[in-house]
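Novice: Contents of start-v1.txt (compact mmCIF, C-alpha atoms) are given next:
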# COMPACT_ATOMS: atom_id res chain seq x y z
CA MET Q 1196 74.87 200.42 139.11
CA SER Q 1197 73.23 203.66 137.97
CA CYS Q 1198 72.43 205.58 134.78
CA VAL Q 1199 71.88 209.14 133.60
CA ILE Q 1200 69.51 210.08 130.78
CA PHE Q 1201 70.03 213.47 129.10
CA GLY Q 1202 66.62 214.56 127.87
CA ALA Q 1203 63.24 213.78 129.39
CA GLY Q 1204 61.06 213.72 126.30
CA LYS Q 1205 58.96 210.90 124.90
CA ILE Q 1206 61.86 208.61 123.93
CA ALA Q 1207 63.79 209.32 127.13
CA ARG Q 1208 60.78 208.66 129.36
CA GLY Q 1209 58.92 206.17 127.22
CA PHE Q 1210 61.78 203.96 126.09
CA ILE Q 1211 65.11 204.40 127.89
CA GLY Q 1212 63.63 205.26 131.28
CA HIS Q 1213 60.98 202.58 130.87
CA LEU Q 1214 63.53 199.84 130.11
CA LEU Q 1215 65.80 200.90 132.98
CA TYR Q 1216 62.90 200.97 135.43
CA LEU Q 1217 61.80 197.47 134.39
CA SER Q 1218 65.45 196.37 134.76
CA ASP Q 1219 65.58 197.72 138.35
CA ILE Q 1220 68.41 200.10 137.43
CA PRO Q 1221 68.24 203.53 139.16
CA PHE Q 1222 68.51 206.56 136.88
CA VAL Q 1223 68.10 210.31 136.79
CA PHE Q 1224 66.95 212.53 133.93
CA VAL Q 1225 68.78 215.72 132.96
CA GLU Q 1226 66.43 218.17 131.23
CA LYS Q 1227 66.87 221.64 129.75
CA ALA Q 1228 63.17 222.61 130.01
CA SER Q 1229 62.76 223.78 133.59
CA GLY Q 1230 58.99 223.25 133.64
CA LEU Q 1231 59.29 219.62 132.55
CA ALA Q 1232 62.05 218.98 135.10
CA ASP Q 1233 59.93 220.50 137.87
CA LEU Q 1234 56.96 218.37 136.86
CA ILE Q 1235 59.01 215.17 137.01
CA ASN Q 1236 60.37 216.07 140.45
CA GLU Q 1237 56.95 217.10 141.78
CA ARG Q 1238 55.16 213.97 140.60
CA GLY Q 1239 58.01 211.46 140.93
CA ALA Q 1240 56.27 209.07 138.55
CA TYR Q 1241 54.76 208.87 135.07
CA THR Q 1242 52.62 206.55 132.97
CA VAL Q 1243 53.97 204.54 130.03
CA ASN Q 1244 51.06 203.29 127.93
CA VAL Q 1245 52.03 200.49 125.52
CA LEU Q 1246 49.71 200.90 122.54
CA GLY Q 1247 47.81 197.75 121.62
CA ASN Q 1248 49.19 195.84 124.62
CA ASN Q 1249 47.79 197.49 127.72
CA GLU Q 1250 48.90 194.67 130.03
CA LYS Q 1251 52.49 195.79 129.45
CA SER Q 1252 51.71 199.40 130.42
CA CYS Q 1253 53.07 200.59 133.75
CA GLU Q 1254 53.77 203.52 136.03
CA VAL Q 1255 57.47 204.38 136.23
CA LYS Q 1256 58.04 205.30 139.87
CA GLY Q 1257 60.88 207.12 141.60
CA ALA Q 1258 61.48 209.48 138.67
CA LYS Q 1259 63.77 212.45 139.33
CA CYS Q 1260 65.34 215.09 137.19
CA LEU Q 1261 68.22 217.56 137.24
CA LYS Q 1262 68.07 220.93 135.46
CA TYR Q 1263 70.81 222.35 133.26
CA ASP Q 1264 71.61 225.05 135.84
CA GLN Q 1265 72.58 222.32 138.33
CA LYS Q 1266 75.91 221.86 136.59
CA GLU Q 1267 77.87 220.45 139.52
CA ALA Q 1268 75.13 217.95 140.40
CA ILE Q 1269 74.92 216.84 136.77
CA MET Q 1270 78.67 216.27 136.51
CA ASN Q 1271 78.59 214.33 139.79
CA ALA Q 1272 75.75 212.16 138.48
CA VAL Q 1273 77.73 211.43 135.31
CA ALA Q 1274 80.83 210.61 137.38
CA GLU Q 1275 78.86 208.11 139.47
CA ALA Q 1276 77.12 206.48 136.51
CA ASP Q 1277 77.99 203.32 134.63
CA VAL Q 1278 76.02 204.33 131.53
CA VAL Q 1279 74.87 207.73 130.26
CA PHE Q 1280 72.17 207.91 127.59
CA ASN Q 1281 71.14 210.96 125.62
CA ALA Q 1282 67.91 211.65 123.73
CA VAL Q 1283 68.08 215.43 123.37
CA GLY Q 1284 67.79 215.79 119.59
CA GLY Q 1285 70.83 215.76 117.34
CA LYS Q 1286 71.04 219.53 116.97
CA ASN Q 1287 71.36 219.85 120.77
CA LEU Q 1288 74.26 217.43 121.22
CA GLN Q 1289 76.90 220.14 121.57
CA GLU Q 1290 75.00 221.62 124.53
CA ILE Q 1291 75.57 218.54 126.67
CA VAL Q 1292 79.28 218.14 125.87
CA PRO Q 1293 80.46 220.33 128.82
CA PHE Q 1294 78.42 218.25 131.28
CA LEU Q 1295 79.81 215.01 129.88
CA THR Q 1296 83.36 216.34 129.84
CA GLY Q 1297 83.16 217.52 133.45
CA GLY Q 1298 81.66 214.22 134.54
CA ILE Q 1299 84.40 212.24 132.79
CA GLU Q 1300 87.09 214.35 134.47
CA LYS Q 1301 85.55 213.62 137.87
CA LYS Q 1302 85.15 209.94 136.99
CA SER Q 1303 88.81 209.71 135.98
CA ARG Q 1304 89.82 210.42 139.59
CA ASN Q 1305 87.62 207.60 140.90
CA GLY Q 1306 88.40 205.03 138.20
CA GLY Q 1307 86.14 202.52 136.48
CA ASN Q 1308 84.66 202.41 133.00
CA ILE Q 1309 81.80 204.51 131.70
CA ASN Q 1310 79.82 204.21 128.47
CA PHE Q 1311 77.81 206.88 126.66
CA ILE Q 1312 75.00 205.75 124.35
CA THR Q 1313 73.42 208.18 121.90
CA CYS Q 1314 69.73 207.63 121.15
CA GLU Q 1315 69.29 210.14 118.34
CA ASN Q 1316 67.90 210.15 114.82
CA TRP Q 1317 71.04 211.89 113.66
CA LYS Q 1318 74.02 211.15 111.46
CA LYS Q 1319 77.00 209.83 113.49
CA PRO Q 1320 75.88 211.30 116.84
CA ALA Q 1321 78.55 209.35 118.75
CA ASP Q 1322 81.24 211.04 116.66
CA VAL Q 1323 79.77 214.45 117.49
CA LEU Q 1324 80.06 213.71 121.22
CA HIS Q 1325 83.48 212.07 120.96
CA GLU Q 1326 85.00 214.98 119.03
CA GLY Q 1327 83.34 217.54 121.29
CA ILE Q 1328 84.60 215.89 124.47
CA ARG Q 1329 88.07 215.29 123.07
CA ALA Q 1330 88.39 219.00 122.28
CA GLN Q 1331 87.46 220.00 125.85
CA ILE Q 1332 88.91 217.26 128.05
CA SER Q 1333 91.77 218.21 130.37
CA GLU Q 1334 95.23 216.76 129.81
CA GLU Q 1335 95.00 215.03 133.19
CA ALA Q 1336 91.92 213.09 132.10
CA ARG Q 1337 92.88 212.51 128.47
CA GLU Q 1338 94.37 209.03 128.93
CA TYR Q 1339 91.35 207.96 130.98
CA PHE Q 1340 89.06 209.29 128.23
CA GLU Q 1341 90.94 207.37 125.54
CA THR Q 1342 91.04 204.04 127.41
CA LYS Q 1343 88.12 203.82 129.85
CA VAL Q 1344 85.32 205.70 128.10
CA GLY Q 1345 83.07 204.19 125.44
CA ILE Q 1346 80.92 206.39 123.22
CA THR Q 1347 78.55 204.47 121.00
CA GLU Q 1348 75.18 204.62 119.25
CA ALA Q 1349 71.77 203.03 119.60
CA VAL Q 1350 69.12 202.73 116.93
CA ILE Q 1351 65.70 203.65 118.31
CA LEU Q 1352 62.82 201.83 116.66
CA ARG Q 1353 60.16 202.39 119.34
CA SER Q 1354 57.92 205.38 118.66
CA GLY Q 1355 56.83 207.74 121.42
CA ILE Q 1356 53.44 209.34 120.76
CA ASP Q 1357 51.88 212.45 122.29
CA ALA Q 1358 49.29 211.82 124.99
CA THR Q 1359 45.69 212.83 124.39
CA GLN Q 1360 44.21 215.70 126.35
CA GLU Q 1361 42.28 213.23 128.49
CA GLN Q 1362 45.49 211.30 129.21
CA LYS Q 1363 47.36 214.51 130.07
CA GLU Q 1364 44.63 215.46 132.54
CA GLN Q 1365 45.13 212.11 134.22
CA ASP Q 1366 48.95 212.37 134.09
CA PRO Q 1367 50.69 215.34 132.42
CA LEU Q 1368 53.79 213.15 131.94
CA TRP Q 1369 51.85 210.34 130.26
CA VAL Q 1370 53.58 208.92 127.17
CA ASN Q 1371 52.16 206.48 124.61
CA VAL Q 1372 54.68 204.07 123.08
CA GLN Q 1373 54.86 201.42 120.41
CA ASP Q 1374 54.92 197.79 121.54
CA TYR Q 1375 58.58 197.37 120.57
CA TRP Q 1376 61.24 196.30 123.04
CA LYS Q 1377 64.67 195.98 121.43
CA LEU Q 1378 67.35 198.57 122.17
CA HIS Q 1379 69.91 198.04 119.41
CA VAL Q 1380 73.41 199.17 120.47
CA ASP Q 1381 76.74 199.18 118.64
CA ALA Q 1382 78.87 196.86 120.78
CA SER Q 1383 82.14 197.59 118.96
CA ARG Q 1384 82.69 200.93 120.71
CA LEU Q 1385 81.78 199.87 124.23
CA VAL Q 1386 84.32 199.65 127.03
CA GLY Q 1387 83.67 196.80 129.44
CA GLN Q 1388 80.15 195.46 129.91
CA LEU Q 1389 76.79 197.17 130.07
CA PRO Q 1390 74.34 196.38 132.89
CA ASN Q 1391 71.61 193.83 132.23
CA ILE Q 1392 69.05 196.10 130.55
CA LEU Q 1393 65.75 194.65 129.36
CA GLY Q 1394 65.64 194.54 125.55
CA LEU Q 1395 69.34 195.31 125.11
CA HIS Q 1396 70.51 193.97 121.74
CA LEU Q 1397 74.27 194.30 121.26
CA ILE Q 1398 75.41 194.25 117.64
CA ASP Q 1399 79.09 193.46 117.07
CA GLU Q 1400 79.07 194.39 113.39
CA PHE Q 1401 76.91 197.48 113.64
CA GLY Q 1402 78.12 198.58 110.21
CA GLY Q 1403 75.32 200.33 108.41
CA PHE Q 1404 72.58 199.53 110.94
CA LEU Q 1405 72.05 203.20 111.85
CA GLU Q 1406 72.14 204.30 108.21
CA ARG Q 1407 69.94 201.36 107.30
CA LYS Q 1408 67.33 202.49 109.79
CA PHE Q 1409 67.65 206.12 108.73
CA TYR Q 1410 67.44 205.50 104.98
CA THR Q 1411 64.66 202.91 105.35
CA TYR Q 1412 62.44 204.09 108.23
CA ASN Q 1413 63.07 207.84 108.10
CA ALA Q 1414 62.91 208.13 104.32
CA ALA Q 1415 59.57 206.30 104.31
CA ASN Q 1416 58.29 208.36 107.24
CA GLY Q 1417 59.24 211.62 105.50
CA THR Q 1418 57.62 210.57 102.25
CA THR Q 1419 54.41 209.53 104.02
CA SER Q 1420 54.29 212.70 106.09
CA PHE Q 1421 54.79 215.24 103.32
CA VAL Q 1422 52.77 213.51 100.61
CA GLY Q 1423 50.10 212.70 103.19
CA ALA Q 1424 49.91 216.38 104.13
CA LEU Q 1425 49.30 217.34 100.49
CA LEU Q 1426 46.49 214.78 100.40
CA GLY Q 1427 44.87 216.31 103.49
CA TYR Q 1428 45.61 213.58 106.03
CA THR Q 1429 46.21 214.44 109.68
CA VAL Q 1430 47.11 210.97 111.05
CA LEU Q 1431 50.27 209.20 109.86
CA SER Q 1432 48.79 205.68 109.72
CA ASP Q 1433 45.80 206.90 107.67
CA ALA Q 1434 48.18 208.38 105.09
CA ALA Q 1435 50.34 205.23 105.05
CA ASN Q 1436 47.28 203.12 104.16
CA ASP Q 1437 46.33 205.30 101.17
CA GLU Q 1438 46.94 203.24 98.00
CA ARG Q 1439 48.70 206.14 96.29
CA ILE Q 1440 51.18 206.48 99.13
CA VAL Q 1441 51.62 202.71 99.45
CA LYS Q 1442 52.64 202.58 95.79
CA LEU Q 1443 55.05 205.48 96.31
CA LEU Q 1444 56.52 203.86 99.44
CA GLU Q 1445 57.22 200.66 97.52
CA GLY Q 1446 59.31 202.78 95.16
CA VAL Q 1447 61.13 204.46 98.06
CA TYR Q 1448 61.89 201.08 99.65
CA ARG Q 1449 63.05 199.70 96.30
CA GLU Q 1450 65.43 202.61 95.72
CA THR Q 1451 66.95 202.77 99.20
CA SER Q 1452 67.15 198.97 99.52
CA ALA Q 1453 69.05 198.59 96.25
CA ALA Q 1454 71.61 201.17 97.38
CA LEU Q 1455 71.92 199.81 100.94
CA CYS Q 1456 72.44 196.25 99.67
CA LYS Q 1457 75.22 197.48 97.41
CA LYS Q 1458 76.82 199.57 100.13
CA TYR Q 1459 76.68 197.11 103.02
CA GLY Q 1460 76.16 193.72 101.40
CA PHE Q 1461 72.75 193.06 102.96
CA SER Q 1462 70.86 190.26 101.26
CA SER Q 1463 67.78 191.37 99.34
CA GLU Q 1464 65.61 189.05 101.48
CA GLU Q 1465 66.97 190.52 104.71
CA GLN Q 1466 66.48 194.07 103.53
CA PHE Q 1467 62.97 193.31 102.26
CA ALA Q 1468 62.03 192.04 105.73
CA PHE Q 1469 63.45 195.27 107.19
CA THR Q 1470 61.26 197.37 104.87
CA ARG Q 1471 58.18 195.35 105.96
CA GLY Q 1472 58.93 196.31 109.55
CA SER Q 1473 58.99 199.95 108.50
CA LEU Q 1474 55.77 199.71 106.49
CA ASN Q 1475 53.94 197.81 109.24
CA LYS Q 1476 54.92 200.49 111.75
CA LEU Q 1477 53.68 203.28 109.49
CA GLN Q 1478 50.40 201.51 108.75
CA ASN Q 1479 49.66 200.42 112.33
CA ARG Q 1480 46.43 202.26 113.21
CA VAL Q 1481 46.94 201.52 116.90
CA ILE Q 1482 49.76 204.10 116.77
CA VAL Q 1483 47.83 207.36 116.42
CA ASP Q 1484 50.60 209.73 115.46
CA THR Q 1485 49.98 213.08 113.79
CA LEU Q 1486 51.35 214.07 110.42
CA GLU Q 1487 52.07 217.50 111.86
CA ARG Q 1488 54.53 216.05 114.37
CA ASN Q 1489 56.31 213.98 111.75
CA ALA Q 1490 56.47 216.78 109.17
CA ARG Q 1491 57.53 219.41 111.69
CA ASP Q 1492 60.65 221.47 110.85
CA PRO Q 1493 60.71 220.84 107.08
CA LEU Q 1494 63.79 223.04 106.56
CA ARG Q 1495 65.84 220.58 108.61
CA LYS Q 1496 64.21 217.56 107.02
CA LEU Q 1497 65.04 218.92 103.56
CA GLY Q 1498 68.71 219.20 104.51
CA PRO Q 1499 71.38 217.57 102.30
CA ASP Q 1500 72.05 214.72 104.73
CA ASP Q 1501 68.56 214.23 106.09
CA ARG Q 1502 65.91 211.60 105.37
CA LEU Q 1503 64.83 212.65 101.89
CA VAL Q 1504 67.61 214.54 100.12
CA GLY Q 1505 70.26 212.52 101.96
CA SER Q 1506 68.58 209.27 100.91
CA ALA Q 1507 68.24 210.44 97.32
CA ARG Q 1508 71.91 211.45 97.19
CA MET Q 1509 72.96 208.11 98.63
CA VAL Q 1510 70.78 206.26 96.10
CA GLU Q 1511 72.18 208.36 93.23
CA SER Q 1512 75.74 207.60 94.30
CA PHE Q 1513 75.08 203.93 93.47
CA GLY Q 1514 73.74 204.71 90.01
CA ILE Q 1515 70.09 204.37 90.99
CA ARG Q 1516 67.58 207.00 89.89
CA PRO Q 1517 65.62 208.21 92.98
CA GLU Q 1518 62.25 208.69 91.28
CA SER Q 1519 60.08 208.03 94.34
CA LEU Q 1520 62.34 209.86 96.78
CA ALA Q 1521 62.25 212.88 94.47
CA THR Q 1522 58.46 212.86 94.76
CA GLY Q 1523 58.79 212.96 98.55
CA ILE Q 1524 61.21 215.88 98.30
CA ALA Q 1525 58.86 217.73 95.95
CA ALA Q 1526 56.01 217.28 98.43
CA ALA Q 1527 58.20 218.48 101.32
CA ILE Q 1528 59.12 221.66 99.46
CA TYR Q 1529 55.40 222.48 99.27
CA TYR Q 1530 54.57 221.57 102.86
CA THR Q 1531 52.52 224.29 104.59
CA ASN Q 1532 51.66 224.76 108.24
CA ASP Q 1533 51.09 228.25 109.60
CA GLU Q 1534 51.77 227.04 113.15
CA ASP Q 1535 55.27 225.80 112.25
CA SER Q 1536 57.88 228.59 111.98
CA SER Q 1537 60.11 226.39 109.81
CA ALA Q 1538 57.25 225.66 107.41
CA LEU Q 1539 56.38 229.36 107.27
CA GLU Q 1540 59.97 230.25 106.44
CA LEU Q 1541 60.03 227.56 103.76
CA ARG Q 1542 56.82 228.88 102.21
CA HIS Q 1543 58.07 232.47 102.13
CA MET Q 1544 61.37 231.28 100.67
CA ARG Q 1545 59.59 229.30 97.98
CA GLU Q 1546 57.09 232.02 97.10
CA ASP Q 1547 59.51 234.96 97.23
CA LYS Q 1548 62.65 233.37 95.78
CA GLY Q 1549 61.48 230.25 93.97
CA VAL Q 1550 61.99 226.51 94.09
CA ASN Q 1551 65.54 226.71 92.75
CA TYR Q 1552 66.50 228.86 95.73
CA VAL Q 1553 65.18 226.17 98.09
CA LEU Q 1554 67.01 223.45 96.17
CA GLU Q 1555 70.28 225.36 96.28
CA ASN Q 1556 70.18 226.87 99.78
CA VAL Q 1557 68.21 224.32 101.82
CA CYS Q 1558 68.82 221.04 99.99
CA LYS Q 1559 72.34 222.17 98.94
CA LEU Q 1560 71.85 220.75 95.46
CA ASP Q 1561 73.26 221.90 92.12
CA VAL Q 1562 70.17 223.44 90.51
CA ASN Q 1563 71.46 222.29 87.13
CA GLY Q 1564 72.14 218.77 88.39
CA GLU Q 1565 70.14 215.64 87.64
CA LEU Q 1566 68.52 215.34 91.08
CA ALA Q 1567 67.33 218.95 91.14
CA GLY Q 1568 65.88 218.50 87.65
CA LEU Q 1569 64.10 215.33 88.74
CA ILE Q 1570 62.59 217.10 91.77
CA ARG Q 1571 61.26 219.91 89.56
CA LYS Q 1572 59.64 217.27 87.29
CA LYS Q 1573 57.99 215.71 90.32
CA ILE Q 1574 56.68 219.13 91.39
CA ASP Q 1575 55.09 219.47 87.95
CA TYR Q 1576 53.64 215.97 88.33
CA LEU Q 1577 52.13 216.78 91.76
CA LYS Q 1578 50.62 219.97 90.32
CA LYS Q 1579 49.13 218.00 87.42
CA GLU Q 1580 47.65 215.52 89.90
CA GLY Q 1581 46.04 218.41 91.80
CA MET Q 1582 48.08 217.81 94.95
CA ILE Q 1583 49.99 221.11 94.77
CA HIS Q 1584 47.96 224.28 94.39
CA GLU Q 1585 49.54 227.66 93.67
Represent the supplied structure as structure tokens.
Specialist:
Amino acid sequence: MSCVIFGAGKIARGFIGHLLYLSDIPFVFVEKASGLADLINERGAYTVNVLGNNEKSCEVKGAKCLKYDQKEAIMNAVAEADVVFNAVGGKNLQEIVPFLTGGIEKKSRNGGNINFITCENWKKPADVLHEGIRAQISEEAREYFETKVGITEAVILRSGIDATQEQKEQDPLWVNVQDYWKLHVDASRLVGQLPNILGLHLIDEFGGFLERKFYTYNAANGTTSFVGALLGYTVLSDAANDERIVKLLEGVYRETSAALCKKYGFSSEEQFAFTRGSLNKLQNRVIVDTLERNARDPLRKLGPDDRLVGSARMVESFGIRPESLATGIAAAIYYTNDEDSSALELRHMREDKGVNYVLENVCKLDVNGELAGLIRKKIDYLKKEGMIHE
């Protein structure tokens, strides 16, 4: 029994690798960043610090990592694995398809099932991998791919937080994590059985669980991050405890919950409990997470299918007016950070070409449509409140 983890970032090390280590399941990371891969191989271990529950913290030992230029070794590792996880970031999924395809082709000659589990905050990441592999797989391995390979999704609710400078000096691979232990996986697309992984929670009717997480947790996170930045906060939990943001978040939860209950038939009580989990996570001061990290890359986060505009469009499609979400979008459009190339590009776009240009070319909205009009009204409101300065 063995596993491969594509990516060696905070979620890969601090959640997937952590759970596998505690489950006594051997694994290897595959990492694009050569320096990070070298560090893992040199040290062979790293610290996982469970915030607020230090007795559960541990050192993950026996860590090893393959680099992207070790293509044959990566494909061999995939071929020998029972489960392959990926936490590389949704926009990087296509990069790993050739490795997965080559590994599947090798595996097809040896026989046995293999499952791939995506661990991404991304829309339908399993479909991205499935379509990519299907387009590249050889004819000889096609039947094996269609019958013996499972490609499914996990919803990641544990946060991985950057280590402090003091922690990095002690262990440059140190990762701080939330005290959350469930790995939610869509069971309907698995082939055969998964190994006995600590925290594994198989969901037979996965349905809208991924969208539910995205439109509840990510929409609230985005709203807190961008409005919090306008209010001058630097720590996410501090912003989430501000009464003005709490009131706004209640509106966001109300809007997304109403739409999700209509779409998937969740009970209002069940969905309310889900929103409390999201709010408690945001407000937990033990989790010292920066607003900068959460607001990073605003051009992507203002995309038509992402946490704010995507949520607002979904809410609108069920006849619900996304008043609070529109406020979050308005704040995001005015996010500034001179150290973030995406934020710089957004600012230049807004200042040189105007808000309507951003709405049309980044958010992909009809500038004459109802949602775009609502966002402009919220921009005026934030200016009136002294939160946006021009």
Novice: Identify which of the residues Q:Leu1474, Q:Ala1538, Q:Leu1503, Q:Ile1328 lies closest to Pro1293 of chain Q, counting only C-alpha atoms when measuring atom-to-atom distances.
Specialist: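 Under the stated criterion, the closest residue is Q:Ile1328.
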Novice: Give the answer as one residue: which of Q:Ser1303, Q:Thr1451, Q:Ser1537, Q:Asn1556 has the shortest atom-to-atom distance to Gly1498 of chain Q, using all atoms listed in the file?
Specialist: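 Closest to Gly1498 of chain Q of all the choices is Q:Asn1556.
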Novice: Which residues are near His1379 of chain Q? Cut-off 8 Å, all atoms listed in the file, ignore same chain within fewer than 6 positions. Put them as a PyMOL selection string.
Specialist: chain Q and resi 1349-1351+1395-1398
Novice: Please compute the atom CA of Lys1251 of chain Q-atom CA of Tyr1216 of chain Q distance, one decimal, in Å.
Specialist: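 Between atom CA of Lys1251 of chain Q and atom CA of Tyr1216 of chain Q the gap is 13.1 Å.
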Novice: Which of these residues is nearest to Ile1356 of chain Q, using all atoms listed in the file: Q:Asp1535, Q:Asp1399, Q:Glu1334, Q:Asp1484?
Specialist: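 Selected residue with least distance to Ile1356 of chain Q: Q:Asp1484.
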Novice: Using only C-alpha atoms, which residues sit within 7 Å of Gln1373 of chain Q once same-chain residues fewer than 4 positions away are excluded, as an MDAnalysis selection string?
Specialist: chainID Q and resid 1245:1246 1353:1355 1482
Novice: Would you kindly identify which residues have an atom no farther than 9 Å from (73.8, 208.8, 110.3), using all atoms listed in the file and the file's own coordinates, and write them out as a VMD selection string?
Specialist: chain Q and resid 1316 to 1320 1403 1405 to 1407 1409 to 1410 1500 to 1501
Novice: Would you please take segment 1279-1286 of chain Q of the structure in the block above and write all heavy atoms to a file as a PDB file, in the first residue's frame?
Specialist:
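And here's decode.pdb as it stands now:
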ATOM      1  N   VAL Q1279      -3.413   8.297  -5.573  1.00  0.00           N
ATOM      2  CA  VAL Q1279      -2.619   9.472  -5.924  1.00  0.00           C
ATOM      3  C   VAL Q1279      -3.445  10.704  -5.580  1.00  0.00           C
ATOM      4  O   VAL Q1279      -4.576  10.857  -6.053  1.00  0.00           O
ATOM      5  CB  VAL Q1279      -2.251   9.483  -7.422  1.00  0.00           C
ATOM      6  CG1 VAL Q1279      -1.499  10.765  -7.771  1.00  0.00           C
ATOM      7  CG2 VAL Q1279      -1.414   8.258  -7.775  1.00  0.00           C
ATOM      8  N   PHE Q1280      -2.891  11.569  -4.732  1.00  0.00           N
ATOM      9  CA  PHE Q1280      -3.537  12.824  -4.375  1.00  0.00           C
ATOM     10  C   PHE Q1280      -2.879  13.967  -5.150  1.00  0.00           C
ATOM     11  O   PHE Q1280      -1.718  13.865  -5.557  1.00  0.00           O
ATOM     12  CB  PHE Q1280      -3.369  13.107  -2.878  1.00  0.00           C
ATOM     13  CG  PHE Q1280      -4.038  12.114  -1.973  1.00  0.00           C
ATOM     14  CD1 PHE Q1280      -3.348  10.988  -1.528  1.00  0.00           C
ATOM     15  CD2 PHE Q1280      -5.345  12.303  -1.564  1.00  0.00           C
ATOM     16  CE1 PHE Q1280      -3.949  10.072  -0.674  1.00  0.00           C
ATOM     17  CE2 PHE Q1280      -5.956  11.386  -0.711  1.00  0.00           C
ATOM     18  CZ  PHE Q1280      -5.266  10.271  -0.270  1.00  0.00           C
ATOM     19  N   ASN Q1281      -3.614  15.047  -5.336  1.00  0.00           N
ATOM     20  CA  ASN Q1281      -2.967  16.244  -5.865  1.00  0.00           C
ATOM     21  C   ASN Q1281      -3.475  17.476  -5.141  1.00  0.00           C
ATOM     22  O   ASN Q1281      -4.665  17.622  -4.865  1.00  0.00           O
ATOM     23  CB  ASN Q1281      -3.165  16.401  -7.382  1.00  0.00           C
ATOM     24  CG  ASN Q1281      -4.609  16.533  -7.801  1.00  0.00           C
ATOM     25  OD1 ASN Q1281      -5.261  15.522  -8.069  1.00  0.00           O
ATOM     26  ND2 ASN Q1281      -5.126  17.747  -7.863  1.00  0.00           N
ATOM     27  N   ALA Q1282      -2.532  18.350  -4.781  1.00  0.00           N
ATOM     28  CA  ALA Q1282      -2.823  19.639  -4.165  1.00  0.00           C
ATOM     29  C   ALA Q1282      -1.849  20.640  -4.771  1.00  0.00           C
ATOM     30  O   ALA Q1282      -0.942  21.142  -4.112  1.00  0.00           O
ATOM     31  CB  ALA Q1282      -2.672  19.556  -2.651  1.00  0.00           C
ATOM     32  N   VAL Q1283      -2.020  20.884  -6.068  1.00  0.00           N
ATOM     33  CA  VAL Q1283      -1.081  21.711  -6.832  1.00  0.00           C
ATOM     34  C   VAL Q1283      -1.652  23.079  -7.188  1.00  0.00           C
ATOM     35  O   VAL Q1283      -0.953  23.913  -7.756  1.00  0.00           O
ATOM     36  CB  VAL Q1283      -0.647  20.986  -8.135  1.00  0.00           C
ATOM     37  CG1 VAL Q1283       0.111  19.714  -7.820  1.00  0.00           C
ATOM     38  CG2 VAL Q1283      -1.842  20.696  -9.035  1.00  0.00           C
ATOM     39  N   GLY Q1284      -2.937  23.297  -6.869  1.00  0.00           N
ATOM     40  CA  GLY Q1284      -3.604  24.513  -7.324  1.00  0.00           C
ATOM     41  C   GLY Q1284      -4.334  24.225  -8.623  1.00  0.00           C
ATOM     42  O   GLY Q1284      -3.753  23.645  -9.548  1.00  0.00           O
ATOM     43  N   GLY Q1285      -5.595  24.593  -8.687  1.00  0.00           N
ATOM     44  CA  GLY Q1285      -6.417  24.243  -9.836  1.00  0.00           C
ATOM     45  C   GLY Q1285      -5.851  24.644 -11.179  1.00  0.00           C
ATOM     46  O   GLY Q1285      -5.963  23.909 -12.163  1.00  0.00           O
ATOM     47  N   LYS Q1286      -5.208  25.807 -11.243  1.00  0.00           N
ATOM     48  CA  LYS Q1286      -4.697  26.287 -12.526  1.00  0.00           C
ATOM     49  C   LYS Q1286      -3.491  25.480 -13.008  1.00  0.00           C
ATOM     50  O   LYS Q1286      -3.074  25.615 -14.168  1.00  0.00           O
ATOM     51  CB  LYS Q1286      -4.334  27.772 -12.442  1.00  0.00           C
ATOM     52  CG  LYS Q1286      -3.249  28.100 -11.436  1.00  0.00           C
ATOM     53  CD  LYS Q1286      -3.042  29.605 -11.351  1.00  0.00           C
ATOM     54  CE  LYS Q1286      -1.988  29.960 -10.305  1.00  0.00           C
ATOM     55  NZ  LYS Q1286      -1.796  31.421 -10.182  1.00  0.00           N
TER      56      LYS Q1286
END
